[in-house]
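Have a look at upload37.cif; it's mmCIF, C-alpha atoms:
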data_work
#
loop_
_atom_site.label_atom_id
_atom_site.label_comp_id
_atom_site.auth_asym_id
_atom_site.auth_seq_id
_atom_site.Cartn_x
_atom_site.Cartn_y
_atom_site.Cartn_z
CA MET A 1 127.52 116.98 -1.13
CA SER A 2 128.89 119.12 -3.95
CA THR A 3 126.94 122.30 -4.61
CA ILE A 4 126.57 124.48 -7.68
CA ALA A 5 125.61 128.08 -6.99
CA GLU A 6 124.33 130.59 -9.51
CA ILE A 7 125.95 133.85 -8.46
CA GLU A 8 125.61 137.46 -9.57
CA LEU A 9 128.42 139.98 -9.11
CA PRO A 10 128.18 143.69 -9.95
CA ALA A 11 130.85 144.54 -12.50
CA GLU A 12 131.54 147.78 -10.64
CA GLU A 13 132.98 145.72 -7.77
CA PHE A 14 134.55 143.09 -9.97
CA ALA A 15 135.90 143.51 -13.51
CA LEU A 16 135.27 145.26 -16.85
CA TYR A 17 132.61 147.61 -15.50
CA GLU A 18 133.52 150.46 -17.86
CA THR A 19 133.83 148.14 -20.86
CA LEU A 20 130.55 146.35 -20.15
CA SER A 21 128.82 149.71 -19.73
CA ALA A 22 130.23 150.91 -23.06
CA PHE A 23 129.05 147.74 -24.85
CA PRO A 24 125.75 146.89 -23.10
CA ASN A 25 124.55 144.60 -25.90
CA ALA A 26 127.73 142.55 -26.13
CA ASP A 27 128.23 139.25 -24.34
CA PHE A 28 131.48 138.66 -22.46
CA GLU A 29 132.19 134.99 -21.71
CA VAL A 30 135.19 133.68 -19.83
CA VAL A 31 135.99 130.54 -21.82
CA ARG A 32 139.16 129.69 -19.90
CA MET A 33 140.72 131.01 -16.73
CA VAL A 34 144.17 130.49 -15.25
CA ALA A 35 144.54 131.36 -11.57
CA HIS A 36 147.91 131.34 -9.87
CA GLN A 37 148.64 132.91 -6.49
CA GLU A 38 147.28 136.48 -6.67
CA GLN A 39 147.00 136.76 -10.46
CA LEU A 40 144.04 135.89 -12.64
CA THR A 41 144.44 135.38 -16.39
CA PRO A 42 141.06 134.93 -18.11
CA TYR A 43 140.47 134.25 -21.78
CA VAL A 44 137.41 136.32 -22.62
CA GLN A 45 135.30 135.80 -25.72
CA VAL A 46 133.33 138.90 -26.69
CA SER A 47 130.34 138.55 -29.03
CA GLY A 48 128.26 141.37 -30.48
CA ASP A 49 127.06 143.09 -33.63
CA ASP A 50 129.30 146.15 -33.26
CA LEU A 51 132.62 145.73 -31.48
CA GLY A 52 134.26 148.83 -32.90
CA GLY A 53 136.33 150.61 -30.26
CA LEU A 54 136.54 147.55 -28.01
CA ASP A 55 140.34 147.48 -27.97
CA GLU A 56 140.44 151.10 -26.88
CA ALA A 57 137.80 150.50 -24.19
CA LEU A 58 139.79 147.62 -22.73
CA GLU A 59 142.97 149.67 -22.76
CA ALA A 60 141.22 152.43 -20.80
CA ASP A 61 139.44 150.09 -18.37
CA PRO A 62 141.09 150.40 -14.92
CA SER A 63 140.26 146.78 -14.06
CA VAL A 64 142.37 145.49 -16.97
CA THR A 65 146.14 145.46 -16.62
CA ASP A 66 146.68 143.72 -19.95
CA ALA A 67 144.51 142.64 -22.89
CA ARG A 68 145.89 140.82 -25.92
CA LEU A 69 143.78 139.95 -28.94
CA VAL A 70 144.06 136.22 -29.65
CA ASP A 71 141.44 135.79 -32.37
CA ASP A 72 139.30 138.23 -34.34
CA LEU A 73 136.19 137.24 -36.26
CA GLU A 74 133.55 139.58 -37.63
CA GLN A 75 131.25 139.50 -34.60
CA GLU A 76 133.42 137.69 -32.10
CA ARG A 77 136.80 138.32 -30.51
CA LEU A 78 138.93 136.37 -28.07
CA TYR A 79 141.22 138.18 -25.63
CA ARG A 80 143.81 136.99 -23.18
CA MET A 81 143.51 139.39 -20.25
CA GLU A 82 145.01 140.13 -16.90
CA TRP A 83 142.70 141.67 -14.32
CA SER A 84 143.47 143.89 -11.35
CA ASP A 85 143.18 142.98 -7.67
CA ASP A 86 139.41 143.62 -7.73
CA VAL A 87 138.79 139.96 -8.61
CA GLU A 88 139.84 138.61 -5.21
CA VAL A 89 136.52 136.80 -4.76
CA ILE A 90 137.39 134.45 -7.64
CA LEU A 91 140.88 133.87 -6.31
CA TYR A 92 139.42 133.14 -2.87
CA MET A 93 136.87 130.66 -4.19
CA VAL A 94 139.43 128.79 -6.28
CA SER A 95 142.45 128.83 -3.99
CA GLU A 96 140.87 128.77 -0.52
CA GLU A 97 137.61 126.87 -1.04
CA SER A 98 138.64 124.55 -3.90
CA ALA A 99 135.75 125.79 -6.02
CA ALA A 100 135.59 125.58 -9.81
CA VAL A 101 134.05 128.27 -12.01
CA VAL A 102 131.91 126.32 -14.49
CA ASP A 103 130.35 129.22 -16.37
CA MET A 104 130.98 132.97 -16.33
CA HIS A 105 129.20 135.62 -18.42
CA GLY A 106 129.30 139.40 -18.23
CA ARG A 107 126.68 141.67 -19.77
CA ASP A 108 125.71 145.29 -19.20
CA THR A 109 126.67 145.93 -15.55
CA HIS A 110 126.75 142.43 -14.01
CA TRP A 111 128.51 139.09 -14.14
CA GLN A 112 126.61 135.82 -13.90
CA LEU A 113 128.56 132.81 -12.61
CA ARG A 114 127.95 129.13 -12.03
CA VAL A 115 130.40 127.86 -9.46
CA LEU A 116 130.90 124.30 -8.24
CA PHE A 117 131.69 124.20 -4.51
CA PRO A 118 132.78 121.07 -2.61
CA ASP A 119 129.90 121.61 -0.17
CA ARG A 120 127.57 124.20 1.36
CA THR A 121 130.21 125.13 3.94
CA SER A 122 132.62 126.40 1.28
CA LEU A 123 129.83 128.41 -0.34
CA SER A 124 128.92 129.97 3.01
CA ALA A 125 132.59 130.75 3.67
CA THR A 126 132.80 132.57 0.34
CA SER A 127 129.70 134.57 1.19
CA GLU A 128 131.23 135.52 4.54
CA PHE A 129 134.48 136.50 2.83
CA CYS A 130 132.58 138.88 0.55
CA THR A 131 130.65 140.38 3.47
CA GLU A 132 133.88 141.01 5.37
CA SER A 133 135.44 142.51 2.22
CA ASP A 134 132.42 144.78 1.57
CA LEU A 135 131.69 142.99 -1.72
CA THR A 136 128.23 142.26 -3.09
CA PHE A 137 127.71 138.51 -3.50
CA THR A 138 124.21 137.56 -4.61
CA VAL A 139 123.28 133.88 -4.75
CA ARG A 140 120.40 133.49 -7.22
CA ASN A 141 120.00 129.75 -6.90
CA ILE A 142 121.60 126.69 -5.34
CA HIS A 143 121.66 123.17 -6.73
CA GLU A 144 122.81 120.05 -4.95
CA LEU A 145 124.70 117.69 -7.22
CA GLU A 146 122.84 114.41 -7.22
CA GLN A 147 124.92 111.34 -6.67
CA SER A 148 125.20 109.33 -9.87
CA THR A 149 127.71 107.02 -11.45
CA GLY A 150 128.67 106.42 -15.04
CA ARG A 151 128.43 108.68 -18.03
CA GLY A 152 124.78 107.87 -18.74
CA GLY A 153 123.62 109.53 -15.53
CA PHE A 154 124.93 112.87 -16.72
CA GLY A 155 123.93 112.82 -20.38
CA LEU A 156 127.55 112.76 -21.54
CA SER A 157 128.70 111.30 -24.82
CA GLU A 158 131.49 108.72 -24.67
CA ASP A 159 133.99 111.26 -26.06
CA GLN A 160 132.96 113.92 -23.54
CA TYR A 161 133.15 111.46 -20.67
CA GLN A 162 136.61 110.20 -21.61
CA THR A 163 137.93 113.73 -22.14
CA LEU A 164 136.60 114.96 -18.79
CA VAL A 165 137.97 111.94 -16.93
CA THR A 166 141.36 112.21 -18.64
CA ALA A 167 141.53 115.95 -17.91
CA ALA A 168 140.65 115.43 -14.25
CA GLU A 169 143.14 112.59 -13.76
CA ALA A 170 145.90 114.58 -15.49
CA GLY A 171 145.34 117.61 -13.25
CA TYR A 172 143.85 119.94 -15.85
CA PHE A 173 141.33 121.28 -13.33
CA ASP A 174 143.90 121.71 -10.56
CA VAL A 175 145.20 125.14 -9.50
CA PRO A 176 147.77 125.60 -10.85
CA ARG A 177 147.10 123.28 -13.77
CA GLU A 178 149.32 120.23 -14.05
CA VAL A 179 148.73 119.82 -17.78
CA THR A 180 147.89 122.17 -20.65
CA MET A 181 145.11 121.78 -23.17
CA ASP A 182 147.70 121.17 -25.89
CA GLU A 183 149.17 118.32 -23.83
CA LEU A 184 145.70 116.86 -23.31
CA ALA A 185 145.09 117.05 -27.05
CA GLU A 186 148.35 115.22 -27.77
CA HIS A 187 147.53 112.54 -25.20
CA LEU A 188 144.04 112.00 -26.65
CA GLY A 189 145.24 112.17 -30.24
CA ILE A 190 142.88 114.98 -31.21
CA SER A 191 143.15 118.70 -31.89
CA GLN A 192 143.26 121.35 -29.19
CA GLN A 193 139.99 122.76 -30.55
CA ALA A 194 138.34 119.34 -30.24
CA VAL A 195 139.44 119.09 -26.60
CA SER A 196 138.06 122.55 -25.90
CA GLU A 197 134.70 121.70 -27.49
CA ARG A 198 134.41 118.38 -25.63
CA LEU A 199 135.16 120.04 -22.30
CA ARG A 200 132.69 122.85 -22.86
CA ARG A 201 129.91 120.56 -24.11
CA GLY A 202 130.67 118.08 -21.35
CA HIS A 203 130.36 120.80 -18.72
CA ARG A 204 127.06 121.90 -20.25
CA ALA A 205 125.72 118.34 -20.32
CA LEU A 206 126.79 117.85 -16.72
CA ILE A 207 125.00 121.00 -15.62
CA ASP A 208 121.83 120.34 -17.63
CA SER A 209 121.49 116.66 -16.72
CA ALA A 210 122.84 116.27 -13.21
CA LEU A 211 121.36 119.15 -11.28
CA ARG A 212 118.25 119.17 -9.14
CA PRO A 213 116.93 122.69 -8.49
CA ASP A 214 116.87 123.62 -4.82
CA GLU A 215 115.41 126.98 -3.91
CA SER A 216 116.83 127.00 -0.40
CA THR A 217 119.32 129.66 0.56
CA ILE A 218 122.63 129.72 2.37
CA GLY A 219 122.18 129.06 6.04
CA ASP A 220 119.03 126.91 5.75
#
Kindly present the structure from the file in structure tokens form.
Amino acid sequence: MSTIAEIELPAEEFALYETLSAFPNADFEVVRMVAHQEQLTPYVQVSGDDLGGLDEALEADPSVTDARLVDDLEQERLYRMEWSDDVEVILYMVSEESAAVVDMHGRDTHWQLRVLFPDRTSLSATSEFCTESDLTFTVRNIHELEQSTGRGGFGLSEDQYQTLVTAAEAGYFDVPREVTMDELAEHLGISQQAVSERLRRGHRALIDSALRPDESTIGD
């Protein structure tokens, strides 16, 4: 049965530790992530009251090999980044265990992730990988995905359901992706922003409606 794990990673062993430490009140959210072979390209949305000096902090951060500003609002910025080799745990989960990162937030000195694994075995394998690699991998909670059919069982709107199904069938969630968001938008006859919103809200509805809390730990 598919499993969603709530995971905590210390930024010091992962990414953006110096930047997160310099902006402890800002929220860093990975809104999109492209993984291919040994390279990870995340799109990171940064929200906060005072983001002055953020560009310079990212440039000086040793975990960032490239950071390009995509959008700049008053209290929110979107960056396309490339991270160093310290993010191997994400690459392992995605490429070796066929996991999908559903939600990923960084704040202060830690990253909080929600990751969908095919089963408990793949989650345990990821934990073992981190142990062997001397990486801290803390599982805060585990949820088993209840079996359900149809959109109603997950609290999805018709638009969200159709967009998620179309994206899955077209290979949008594959690694590497078989279709871009722009191509999905063209196929659905809507804007790229509308596709992005439907996917994000659909993921949130899926998480909120289809999960049954399970306090058991890996190895039970």
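Distances to Glu128 of chain A were evaluated for A:Ala99, A:Trp111, A:Arg77, A:Tyr92 using only C-alpha atoms, and the minimum falls at A:Tyr92.
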Here's the selection I'm unsure about, the PyMOL selection byres ((chain A and resi 16) around 9); applied to the file above, which residues does it give, as a PyMOL selection string?
chain A and resi 11-12+14-15+17-21+58+61-64+83+106+109
Go ahead and save the picked residues with C-alpha atoms, as a CSV table (one decimal), keeping the file's coordinate frame.
chain,number,residue,atom,x,y,z
A,11,ALA,CA,130.8,144.5,-12.5
A,12,GLU,CA,131.5,147.8,-10.6
A,14,PHE,CA,134.6,143.1,-10.0
A,15,ALA,CA,135.9,143.5,-13.5
A,17,TYR,CA,132.6,147.6,-15.5
A,18,GLU,CA,133.5,150.5,-17.9
A,19,THR,CA,133.8,148.1,-20.9
A,20,LEU,CA,130.6,146.4,-20.2
A,21,SER,CA,128.8,149.7,-19.7
A,58,LEU,CA,139.8,147.6,-22.7
A,61,ASP,CA,139.4,150.1,-18.4
A,62,PRO,CA,141.1,150.4,-14.9
A,63,SER,CA,140.3,146.8,-14.1
A,64,VAL,CA,142.4,145.5,-17.0
A,83,TRP,CA,142.7,141.7,-14.3
A,106,GLY,CA,129.3,139.4,-18.2
A,109,THR,CA,126.7,145.9,-15.6
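Considering all atoms listed in the file, the residue among A:Glu8, A:Arg107, A:Thr3, A:Arg68 positioned nearest to Gly48 of chain A is A:Arg107.
Once the PyMOL selection byres ((chain A and resi 46) around 7) is applied to the depicted file, the selected set reads A:Ala26, A:Asp27, A:Phe28, A:Glu29, A:Val44, A:Gln45, A:Ser47, A:Gly48, A:Glu76, A:Arg77, A:Leu78.
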Evaluate the PyMOL selection byres ((chain A and resi 163-177) around 10) against this structure - the residues, as number ranges by chain, please.
A: 34-37, 94-95, 98, 100, 156-162, 178-181, 183-185, 187-188, 194-196, 198-200, 202-203
Quick one, how far is atom CA of Ile7 of chain A from atom CA of Gln192 of chain A?
29.8 Å
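Of note, atom CA of Ser84 of chain A and atom CA of Thr65 of chain A are spaced 6.1 Å apart.
With atom CA of Arg80 of chain A on one side and atom CA of Met104 of chain A on the other, the separation reads 15.1 Å.
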Once 6 Å is added on each side, what centre and edge lengths in Å to one decimal does the axis-aligned box around all listed atoms of segment 48-65 of chain A have, as AutoDock Vina command-line options?
--center_x 136.6 --center_y 146.9 --center_z -23.8 --size_x 31.1 --size_y 23.1 --size_z 31.6
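Candidate residues A:Glu59, A:Asp50, A:Asp71, A:Glu6 were compared for distance to Leu123 of chain A, and the nearest is A:Glu6, using all atoms listed in the file.
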Got a sec to check which residues sit within 7 Å of (133.9, 150.8, -26.6), counting all atoms listed in the file, and write them as a JSON list (two decimals) with C-alpha atoms, keeping the file's coordinate frame?
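result_7.json was written with the following content:
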[["chain", "number", "residue", "atom", "x", "y", "z"],
["A", 19, "THR", "CA", 133.83, 148.14, -20.86],
["A", 22, "ALA", "CA", 130.23, 150.91, -23.06],
["A", 23, "PHE", "CA", 129.05, 147.74, -24.85],
["A", 52, "GLY", "CA", 134.26, 148.83, -32.90],
["A", 53, "GLY", "CA", 136.33, 150.61, -30.26],
["A", 54, "LEU", "CA", 136.54, 147.55, -28.01],
["A", 56, "GLU", "CA", 140.44, 151.10, -26.88],
["A", 57, "ALA", "CA", 137.80, 150.50, -24.19]]
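Residues within 6 Å of Ser122 of chain A, counting all atoms listed in the file and excluding same-chain residues fewer than 3 positions away, are A:Glu97, A:Asp119, A:Ala125.
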Among the residues A:Leu113, A:Leu73, A:Ala5, A:Met81, the one that comes closest to His143 of chain A [using only C-alpha atoms]:
A:Ala5
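Residues lying at most 7 Å from (142.3, 135.7, -12.8) in file coordinates, with all atoms listed in the file considered, are A:Met33, A:Val34, A:Ala35, A:Gln39, A:Leu40, A:Thr41, A:Pro42, A:Glu82, A:Trp83, A:Val87, A:Leu91.
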Residues at most 7 Å from Val101 of chain A, counting all atoms listed in the file, excluding those fewer than 3 positions away in the same chain, as a VMD selection string?
chain A and resid 114 to 116
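For the set A:Thr126, A:Asn25, A:Thr131, A:Thr138, the residue with the smallest atom-to-atom gap to Gln112 of chain A is A:Thr138, counting only C-alpha atoms.
The smallest atom-to-atom distance between Thr121 of chain A and any of A:His105, A:Leu135, A:Met93, A:Ala67, using only C-alpha atoms, is found for A:Met93.
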